[in-house]
Amino acid sequence: MWGSQSSSMYKRTPSRDYSPMGDVEDNSRLLLDGDDVSKETETTNPPWICSLPHVLVATLSSFLFGYHLGVVNEPLESISSDLGFTGNTLAEGLVVSVCLGGAFIGSLFSGGAADGLGRRRAFQLSALPMILGAFVSGVSNSLAVMLLGRFLVGTGMGLGPPVAALYVTEVSPAFVRGTYGSFIQIATCLGLMAALFIGIPVHNITGWWRVCFWLSTIPAAALALGMFFCAESPQWLFKQGRIAEAEAEFERLLGGSHVKTAMAELHKLELDKTDEPDFVTLTELLYGRHSRVVFIGSTLFALQQLSGINAVFYFSSTVFKSAGVPSDMANIFVGISNLLGSLIAMVLMDKVGRKLLLLWSFIGMALAMALQVGATSSYLPHFSALCLSVGGTLVFVLTFALGAGPVPGLLLPEIFPSRIRAKALALCLSVHWVINFFVGLLFLKLLEQLGPRLLYSMFSTFCLMAVMFVKRNVIETKGKTLQEIEISLLAKP
């Protein structure tokens with residue numbers, strides 16, 4: 001079911017019932033009567049187990065993303081001591097943040113790689129710099145070599161998550177696509193927590209920080225090798241004109257009884273489209289007929305970052321330290337809140353829908369920031385203020401993981417038409433990385449100049465703006481196939 005298929009499978013002639021090369025009259029009847037086809041060929045949902053192994057392999061890229069975000073947190077003091085830049089806050093900041101620069105570069109190329117090479121090879125391409133970069137970081141004996149390794153890792157981090165979002169969206173059956181999309185956020189949480197636990201011995205074992213980097217090559221190699229056995233995206237194969245291969249992959253992912261309906265939807269979508277060039281330009285994304293959905297996607301990612309989530313992650317250790325909680329315990333509490341919220345989102349995603357989760361998530365984040373603002377009041381006793389501050393931090397992370405964290409990465413590949421999906425998502429994620437970088441760069445400076453009350457009030461305001469934006473612009477995609485979503489968007493003026 002999951003293993004590689006024989007090459008003869010990909011050479012067979014596409015079924016006459018839904019092939020554009022078949023009888024025109026029969027084919028037209030089939031495509032125009034898609035509902036009848038659905039009733040005749042399937043009465044139940046596809047078996048979810050068929051696509052699950054492919055999704056799990058893909059989420060290794062998200063695990064690596066989380067791991068490399070957190071891998072230097074605990075060992076940073078040991079790294080700076082061994083490499084000779086102890087006390088140089090700029091150098092320490094670069095070791096932490098140079099990944100963001102690499103990720104921005106990687107995200108710019110992710111769309112072209114996914115469209116040009118296919119989803120599987122794009123995954124393998126993202127694994128290579130993460131393997132090489134982790135090895136370079138682990139053997140580094142100077143700051144320059146360490147920064148080179150971290151930058152290489154960052155390019156892989158930028159390439160992987162967009163492709164993961166695309167792939168999971170395209171290979172998942174509609175009725176569990178939200179659940180599978182939540183795996184991406186859960187894998188990121190597990191990567192962060194793995195980095196935390198693996199980094200614990202760093203203060204007792206000399207040079208352990210090198211092992212922390214080297215261990216990450218294991219899941220990266222598993223991703224590269226595992227993709228040899230995974231299905232390619234049927235949507236990508238169909239777009240390349242490789243109809244028989246798309247049919248074969250649908251059979252692997254959905255089961256034989258659902259292939260006819262899936263292929264019929266793809267052909268119907270082709271008939272509903274106007275003549276459009278295959279090549280997608282930046283101008284088209286910004287000003288073309290799909291510019292509105294690109295604007296919605298970019299704004300969602302922008303508001304996600306302007307909510308202050310990464311600032312909360314960066315500053316949470318300080319908040320907990322002021323309450324007498326050690327930094328490692330603080331990271332564990334935040335990690336558990338993040339993971340708990342992601343697990344709840346996984347359960348609810350295909351039950352209550354994406355839009356409702358987004359709305360309640362941003363509302364909860366706004367209220368959590370209000371708790372942080374209240375904690376700054378001079379009228380509160382010190383202990384009460386600390387409880388509000390710690391509680392506000394945990395509630396903020398929990399509610400973020402419920403919707404604002406996992407939903408944008410799932411929703412955008414759903415609403416982007418297949419022709420622009422990869423490059424549009426790459427553009428939106430580049431916006432994410434730019435704002436992420438500047439929030440991380442300016443947060444402490446703004447905190448010093450504006451004070452926590454005003455800054456947290458600004459974050460709360462952005463969360464409320466996100467509520468209004470989602471309510472007005474985001475459509476519900478729960479339970480719909482990608483082809484149904486695209487056809488419904490094409491039908492709108």
# chains A, B, ... in the order shown; residues from 1 in each chain; ligands from 1

call {"tool": "residues_around", "arguments": {"residues": "segment 168-181 of chain A", "least_positions_apart": "6", "cutoff": "6 Å", "atoms": "only C-alpha atoms", "output": "JSON, numbers by chain"}}
result
{"A": [55, 346, 349, 350, 410, 479, 480, 481]}

call {"tool": "write_last_selection", "arguments": {"atoms": "C-alpha atoms", "output": "compact mmCIF listing (two decimals), in the first residue's frame"}}
result
# COMPACT_ATOMS: atom_id res chain seq x y z
CA VAL A 55 1.66 12.37 5.56
CA MET A 346 -6.33 18.21 15.44
CA MET A 349 -10.26 20.92 12.68
CA ASP A 350 -12.60 18.70 10.64
CA LEU A 410 -3.52 24.39 6.00
CA GLY A 479 -15.02 18.64 4.07
CA LYS A 480 -14.57 19.96 0.52
CA THR A 481 -12.17 18.52 -2.03

call {"tool": "residues_around", "arguments": {"residues": "segment 429-435 of chain A", "least_positions_apart": "2", "cutoff": "8 Å", "atoms": "only C-alpha atoms", "output": "tab-separated table (two decimals) with all heavy atoms, in the first residue's frame"}}
result
chain	number	residue	atom	x	y	z
A	100	LEU	N	16.84	32.46	10.25
A	100	LEU	CA	15.71	33.17	9.67
A	100	LEU	C	16.06	33.73	8.31
A	100	LEU	O	15.24	33.72	7.38
A	100	LEU	CB	15.24	34.29	10.61
A	100	LEU	CG	14.79	33.86	12.01
A	100	LEU	CD1	14.36	35.07	12.81
A	100	LEU	CD2	13.68	32.84	11.93
A	103	ALA	N	16.09	30.84	6.00
A	103	ALA	CA	14.73	30.38	5.77
A	103	ALA	C	14.00	31.29	4.78
A	103	ALA	O	13.22	30.83	3.94
A	103	ALA	CB	13.96	30.32	7.09
A	104	PHE	N	14.26	32.60	4.86
A	104	PHE	CA	13.65	33.53	3.91
A	104	PHE	C	14.11	33.20	2.49
A	104	PHE	O	13.29	33.14	1.56
A	104	PHE	CB	14.01	34.96	4.28
A	104	PHE	CG	13.57	35.98	3.26
A	104	PHE	CD1	12.23	36.27	3.10
A	104	PHE	CD2	14.49	36.63	2.46
A	104	PHE	CE1	11.81	37.21	2.16
A	104	PHE	CE2	14.09	37.56	1.52
A	104	PHE	CZ	12.75	37.86	1.37
A	107	SER	N	12.49	29.91	1.39
A	107	SER	CA	11.07	30.02	1.09
A	107	SER	C	10.82	30.65	-0.27
A	107	SER	O	9.85	30.31	-0.95
A	107	SER	CB	10.34	30.83	2.18
A	107	SER	OG	10.74	32.19	2.16
A	108	LEU	N	11.70	31.55	-0.70
A	108	LEU	CA	11.56	32.18	-2.01
A	108	LEU	C	11.68	31.16	-3.14
A	108	LEU	O	11.06	31.31	-4.20
A	108	LEU	CB	12.61	33.28	-2.20
A	108	LEU	CG	12.45	34.53	-1.32
A	108	LEU	CD1	13.60	35.51	-1.60
A	108	LEU	CD2	11.12	35.21	-1.57
A	162	PRO	N	6.79	24.98	3.39
A	162	PRO	CA	5.82	25.22	2.32
A	162	PRO	C	5.49	23.96	1.54
A	162	PRO	O	4.32	23.73	1.18
A	162	PRO	CB	6.51	26.26	1.43
A	162	PRO	CG	7.55	26.90	2.28
A	162	PRO	CD	8.00	25.83	3.22
A	298	SER	N	-1.31	36.33	2.52
A	298	SER	CA	-0.21	37.13	3.06
A	298	SER	C	-0.64	37.86	4.33
A	298	SER	O	0.13	37.94	5.30
A	298	SER	CB	0.25	38.15	2.01
A	298	SER	OG	0.70	37.50	0.84
A	301	PHE	N	-0.78	35.47	7.40
A	301	PHE	CA	0.54	35.20	7.96
A	301	PHE	C	1.11	36.44	8.66
A	301	PHE	O	1.79	36.32	9.69
A	301	PHE	CB	1.49	34.71	6.88
A	301	PHE	CG	1.47	33.22	6.68
A	301	PHE	CD1	1.20	32.67	5.45
A	301	PHE	CD2	1.71	32.37	7.74
A	301	PHE	CE1	1.17	31.30	5.26
A	301	PHE	CE2	1.69	30.99	7.58
A	301	PHE	CZ	1.42	30.46	6.33
A	302	ALA	N	0.85	37.62	8.09
A	302	ALA	CA	1.33	38.86	8.72
A	302	ALA	C	0.69	39.05	10.09
A	302	ALA	O	1.37	39.35	11.08
A	302	ALA	CB	1.04	40.06	7.81
A	305	GLN	N	2.03	36.76	12.83
A	305	GLN	CA	3.28	37.20	13.44
A	305	GLN	C	3.12	38.48	14.24
A	305	GLN	O	3.74	38.65	15.29
A	305	GLN	CB	4.34	37.39	12.35
A	305	GLN	CG	4.76	36.11	11.66
A	305	GLN	CD	5.25	35.07	12.64
A	305	GLN	OE1	6.18	35.31	13.42
A	305	GLN	NE2	4.62	33.89	12.64
A	306	LEU	N	2.27	39.40	13.77
A	306	LEU	CA	2.05	40.66	14.49
A	306	LEU	C	1.25	40.46	15.77
A	306	LEU	O	1.16	41.38	16.59
A	306	LEU	CB	1.35	41.67	13.58
A	306	LEU	CG	2.20	42.19	12.41
A	306	LEU	CD1	1.34	43.02	11.46
A	306	LEU	CD2	3.38	43.01	12.92
A	425	LEU	N	1.97	30.18	-2.14
A	425	LEU	CA	2.29	29.85	-0.75
A	425	LEU	C	3.70	30.28	-0.40
A	425	LEU	O	3.96	30.77	0.71
A	425	LEU	CB	2.13	28.35	-0.53
A	425	LEU	CG	2.31	27.85	0.91
A	425	LEU	CD1	1.31	28.51	1.84
A	425	LEU	CD2	2.18	26.34	0.98
A	426	ALA	N	4.64	30.15	-1.35
A	426	ALA	CA	6.01	30.60	-1.11
A	426	ALA	C	6.06	32.10	-0.87
A	426	ALA	O	6.77	32.59	0.02
A	426	ALA	CB	6.90	30.23	-2.30
A	427	LEU	N	5.28	32.86	-1.64
A	427	LEU	CA	5.23	34.31	-1.46
A	427	LEU	C	4.67	34.68	-0.08
A	427	LEU	O	5.23	35.52	0.63
A	427	LEU	CB	4.37	34.95	-2.56
A	427	LEU	CG	4.13	36.46	-2.44
A	427	LEU	CD1	5.44	37.23	-2.54
A	427	LEU	CD2	3.15	36.92	-3.52
A	437	PHE	N	11.25	38.03	11.38
A	437	PHE	CA	12.60	38.57	11.63
A	437	PHE	C	12.54	39.92	12.34
A	437	PHE	O	13.25	40.15	13.33
A	437	PHE	CB	13.35	38.70	10.30
A	437	PHE	CG	14.69	39.36	10.42
A	437	PHE	CD1	15.79	38.65	10.89
A	437	PHE	CD2	14.87	40.70	10.09
A	437	PHE	CE1	17.03	39.26	11.00
A	437	PHE	CE2	16.10	41.31	10.20
A	437	PHE	CZ	17.19	40.59	10.66
A	438	PHE	N	11.69	40.82	11.85
A	438	PHE	CA	11.66	42.17	12.43
A	438	PHE	C	11.01	42.19	13.81
A	438	PHE	O	11.42	42.97	14.68
A	438	PHE	CB	10.94	43.14	11.48
A	438	PHE	CG	11.79	43.60	10.35
A	438	PHE	CD1	11.58	43.14	9.06
A	438	PHE	CD2	12.85	44.48	10.57
A	438	PHE	CE1	12.39	43.55	8.00
A	438	PHE	CE2	13.66	44.91	9.53
A	438	PHE	CZ	13.44	44.44	8.24
A	439	VAL	N	10.02	41.32	14.04
A	439	VAL	CA	9.44	41.23	15.39
A	439	VAL	C	10.51	40.76	16.38
A	439	VAL	O	10.67	41.33	17.47
A	439	VAL	CB	8.23	40.28	15.41
A	439	VAL	CG1	7.81	39.98	16.85
A	439	VAL	CG2	7.05	40.90	14.67

call {"tool": "closest_residue", "arguments": {"among": "A:Thr393, A:Thr89, A:Ser342, A:Thr283", "to": "Val312 of chain A", "atoms": "only C-alpha atoms"}}
result
A:Thr393

call {"tool": "atom_distance", "arguments": {"atom1": "atom CA of Asn436 of chain A", "atom2": "atom CA of Ser97 of chain A"}}
result
10.2 Å

call {"tool": "atom_distance", "arguments": {"atom1": "atom CA of Gly156 of chain A", "atom2": "atom CA of Phe238 of chain A"}}
result
26.7 Å

call {"tool": "select_by_dssp", "arguments": {"residues": "segment 341-467 of chain A", "states": "alpha helix (DSSP H)", "output": "count of residues only"}}
result
107

call {"tool": "residues_around", "arguments": {"residues": "segment 472-474 of chain A", "least_positions_apart": "6", "cutoff": "12 Å", "atoms": "only C-alpha atoms", "output": "PDB file with N, CA and C atoms, in the first residue's frame"}}
result
ATOM      1  N   ARG A 292      -6.511  38.494  -4.969  1.00  0.00           N
ATOM      2  CA  ARG A 292      -7.266  38.624  -3.709  1.00  0.00           C
ATOM      3  C   ARG A 292      -6.937  37.476  -2.749  1.00  0.00           C
ATOM      4  N   VAL A 293      -6.880  36.232  -3.260  1.00  0.00           N
ATOM      5  CA  VAL A 293      -6.578  35.121  -2.359  1.00  0.00           C
ATOM      6  C   VAL A 293      -5.126  35.197  -1.884  1.00  0.00           C
ATOM      7  N   VAL A 294      -4.234  35.730  -2.738  1.00  0.00           N
ATOM      8  CA  VAL A 294      -2.844  35.920  -2.323  1.00  0.00           C
ATOM      9  C   VAL A 294      -2.771  36.984  -1.224  1.00  0.00           C
ATOM     10  N   PHE A 295      -3.574  38.034  -1.370  1.00  0.00           N
ATOM     11  CA  PHE A 295      -3.633  39.077  -0.338  1.00  0.00           C
ATOM     12  C   PHE A 295      -4.159  38.508   0.976  1.00  0.00           C
ATOM     13  N   ILE A 296      -5.192  37.680   0.907  1.00  0.00           N
ATOM     14  CA  ILE A 296      -5.747  37.062   2.120  1.00  0.00           C
ATOM     15  C   ILE A 296      -4.688  36.205   2.802  1.00  0.00           C
ATOM     16  N   GLY A 297      -3.970  35.396   2.009  1.00  0.00           N
ATOM     17  CA  GLY A 297      -2.939  34.539   2.582  1.00  0.00           C
ATOM     18  C   GLY A 297      -1.809  35.314   3.215  1.00  0.00           C
ATOM     19  N   THR A 299      -1.852  38.382   4.342  1.00  0.00           N
ATOM     20  CA  THR A 299      -2.338  39.114   5.516  1.00  0.00           C
ATOM     21  C   THR A 299      -2.518  38.190   6.709  1.00  0.00           C
ATOM     22  N   LEU A 300      -3.000  36.960   6.457  1.00  0.00           N
ATOM     23  CA  LEU A 300      -3.147  36.002   7.556  1.00  0.00           C
ATOM     24  C   LEU A 300      -1.806  35.708   8.213  1.00  0.00           C
ATOM     25  N   GLY A 353     -14.436  23.259  11.809  1.00  0.00           N
ATOM     26  CA  GLY A 353     -13.992  24.012  10.641  1.00  0.00           C
ATOM     27  C   GLY A 353     -12.848  24.960  10.927  1.00  0.00           C
ATOM     28  N   ARG A 354     -12.216  25.413   9.827  1.00  0.00           N
ATOM     29  CA  ARG A 354     -11.025  26.266   9.941  1.00  0.00           C
ATOM     30  C   ARG A 354     -11.374  27.670  10.432  1.00  0.00           C
ATOM     31  N   LYS A 355     -12.443  28.237   9.867  1.00  0.00           N
ATOM     32  CA  LYS A 355     -12.760  29.639  10.144  1.00  0.00           C
ATOM     33  C   LYS A 355     -13.105  29.854  11.613  1.00  0.00           C
ATOM     34  N   LEU A 356     -13.925  28.965  12.163  1.00  0.00           N
ATOM     35  CA  LEU A 356     -14.325  29.124  13.563  1.00  0.00           C
ATOM     36  C   LEU A 356     -13.120  28.977  14.488  1.00  0.00           C
ATOM     37  N   LEU A 357     -12.230  28.030  14.184  1.00  0.00           N
ATOM     38  CA  LEU A 357     -11.024  27.877  14.997  1.00  0.00           C
ATOM     39  C   LEU A 357     -10.166  29.141  14.937  1.00  0.00           C
ATOM     40  N   LEU A 358     -10.027  29.720  13.758  1.00  0.00           N
ATOM     41  CA  LEU A 358      -9.252  30.956  13.626  1.00  0.00           C
ATOM     42  C   LEU A 358      -9.864  32.076  14.455  1.00  0.00           C
ATOM     43  N   LEU A 359     -11.179  32.231  14.354  1.00  0.00           N
ATOM     44  CA  LEU A 359     -11.849  33.316  15.079  1.00  0.00           C
ATOM     45  C   LEU A 359     -11.660  33.180  16.594  1.00  0.00           C
ATOM     46  N   VAL A 407      -3.828  26.728  11.341  1.00  0.00           N
ATOM     47  CA  VAL A 407      -4.820  26.917  10.276  1.00  0.00           C
ATOM     48  C   VAL A 407      -4.264  27.620   9.033  1.00  0.00           C
ATOM     49  N   PRO A 408      -3.509  28.736   9.148  1.00  0.00           N
ATOM     50  CA  PRO A 408      -3.052  29.382   7.911  1.00  0.00           C
ATOM     51  C   PRO A 408      -2.277  28.455   6.982  1.00  0.00           C
ATOM     52  N   LEU A 411      -5.010  26.220   5.456  1.00  0.00           N
ATOM     53  CA  LEU A 411      -6.059  26.896   4.693  1.00  0.00           C
ATOM     54  C   LEU A 411      -5.550  27.425   3.356  1.00  0.00           C
ATOM     55  N   LEU A 412      -4.356  27.988   3.345  1.00  0.00           N
ATOM     56  CA  LEU A 412      -3.885  28.645   2.121  1.00  0.00           C
ATOM     57  C   LEU A 412      -3.684  27.679   0.956  1.00  0.00           C
ATOM     58  N   GLU A 414      -5.365  25.176   0.474  1.00  0.00           N
ATOM     59  CA  GLU A 414      -6.722  24.785   0.083  1.00  0.00           C
ATOM     60  C   GLU A 414      -7.356  25.827  -0.826  1.00  0.00           C
ATOM     61  N   ILE A 415      -7.163  27.116  -0.545  1.00  0.00           N
ATOM     62  CA  ILE A 415      -7.861  28.148  -1.309  1.00  0.00           C
ATOM     63  C   ILE A 415      -7.083  28.622  -2.532  1.00  0.00           C
ATOM     64  N   MET A 465      -7.853  42.845  15.220  1.00  0.00           N
ATOM     65  CA  MET A 465      -7.896  43.123  13.788  1.00  0.00           C
ATOM     66  C   MET A 465      -7.965  41.819  12.988  1.00  0.00           C
ATOM     67  N   ALA A 466      -7.242  40.807  13.471  1.00  0.00           N
ATOM     68  CA  ALA A 466      -7.270  39.501  12.808  1.00  0.00           C
ATOM     69  C   ALA A 466      -8.660  38.889  12.872  1.00  0.00           C
ATOM     70  N   LEU A 489     -14.428  29.005  -6.021  1.00  0.00           N
ATOM     71  CA  LEU A 489     -13.757  30.309  -6.077  1.00  0.00           C
ATOM     72  C   LEU A 489     -13.739  30.860  -7.495  1.00  0.00           C
TER      73      LEU A 489
END

call {"tool": "closest_residue", "arguments": {"among": "A:Val153, A:Ile485, A:Leu371, A:Cys428", "to": "Val71 of chain A", "atoms": "only C-alpha atoms"}}
result
A:Val153

call {"tool": "closest_residue", "arguments": {"among": "A:Glu476, A:Asp115, A:Glu448, A:Glu486", "to": "Val280 of chain A", "atoms": "only C-alpha atoms"}}
result
A:Asp115

call {"tool": "closest_residue", "arguments": {"among": "A:Gly149, A:Gly93, A:Pro201, A:Pro417", "to": "Leu266 of chain A", "atoms": "only C-alpha atoms"}}
result
A:Pro417

call {"tool": "atom_distance", "arguments": {"atom1": "atom CA of Ala114 of chain A", "atom2": "atom CA of Gly226 of chain A"}}
result
17.0 Å

call {"tool": "decode", "arguments": {"residues": "segment 335-352 of chain A", "atoms": "N, CA, C and O atoms", "output": "CSV table (one decimal), in the first residue's frame"}}
result
chain,number,residue,atom,x,y,z
A,335,GLY,N,6.0,24.5,26.1
A,335,GLY,CA,5.9,23.4,25.1
A,335,GLY,C,4.7,22.6,25.3
A,335,GLY,O,4.0,22.2,24.3
A,336,ILE,N,4.4,22.3,26.5
A,336,ILE,CA,3.2,21.5,26.8
A,336,ILE,C,1.9,22.2,26.4
A,336,ILE,O,1.0,21.7,25.8
A,337,SER,N,1.8,23.5,26.7
A,337,SER,CA,0.7,24.3,26.2
A,337,SER,C,0.6,24.3,24.7
A,337,SER,O,-0.5,24.2,24.2
A,338,ASN,N,1.7,24.5,24.0
A,338,ASN,CA,1.7,24.5,22.6
A,338,ASN,C,1.2,23.1,22.0
A,338,ASN,O,0.4,23.0,21.1
A,339,LEU,N,1.7,22.0,22.6
A,339,LEU,CA,1.4,20.7,22.1
A,339,LEU,C,-0.1,20.4,22.5
A,339,LEU,O,-0.8,19.8,21.6
A,340,LEU,N,-0.6,20.8,23.6
A,340,LEU,CA,-2.0,20.5,24.0
A,340,LEU,C,-2.9,21.3,23.1
A,340,LEU,O,-3.9,20.7,22.6
A,341,GLY,N,-2.6,22.5,22.8
A,341,GLY,CA,-3.5,23.3,21.9
A,341,GLY,C,-3.5,22.6,20.5
A,341,GLY,O,-4.5,22.6,19.8
A,342,SER,N,-2.3,22.1,20.0
A,342,SER,CA,-2.2,21.5,18.7
A,342,SER,C,-3.0,20.2,18.7
A,342,SER,O,-3.7,19.9,17.6
A,343,LEU,N,-3.0,19.4,19.7
A,343,LEU,CA,-3.8,18.2,19.8
A,343,LEU,C,-5.3,18.5,19.8
A,343,LEU,O,-6.1,17.8,19.1
A,344,ILE,N,-5.7,19.5,20.5
A,344,ILE,CA,-7.1,19.9,20.5
A,344,ILE,C,-7.5,20.4,19.1
A,344,ILE,O,-8.6,20.0,18.6
A,345,ALA,N,-6.7,21.1,18.4
A,345,ALA,CA,-6.9,21.6,17.1
A,345,ALA,C,-7.1,20.4,16.1
A,345,ALA,O,-7.9,20.4,15.2
A,346,MET,N,-6.3,19.4,16.3
A,346,MET,CA,-6.3,18.2,15.4
A,346,MET,C,-7.7,17.6,15.5
A,346,MET,O,-8.3,17.1,14.5
A,347,VAL,N,-8.2,17.5,16.8
A,347,VAL,CA,-9.5,16.9,17.0
A,347,VAL,C,-10.7,17.7,16.4
A,347,VAL,O,-11.6,17.2,15.8
A,348,LEU,N,-10.5,19.0,16.5
A,348,LEU,CA,-11.6,19.9,16.1
A,348,LEU,C,-11.6,20.4,14.7
A,348,LEU,O,-12.6,20.9,14.1
A,349,MET,N,-10.4,20.3,14.0
A,349,MET,CA,-10.3,20.9,12.7
A,349,MET,C,-11.3,20.5,11.7
A,349,MET,O,-11.9,21.3,10.9
A,350,ASP,N,-11.6,19.2,11.6
A,350,ASP,CA,-12.6,18.7,10.6
A,350,ASP,C,-14.0,18.6,11.2
A,350,ASP,O,-14.9,18.1,10.6
A,351,LYS,N,-14.2,19.1,12.5
A,351,LYS,CA,-15.5,19.1,13.1
A,351,LYS,C,-16.1,20.5,13.1
A,351,LYS,O,-17.2,20.6,12.6
A,352,VAL,N,-15.4,21.4,13.6
A,352,VAL,CA,-15.9,22.8,13.7
A,352,VAL,C,-15.5,23.7,12.5
A,352,VAL,O,-16.1,24.7,12.3
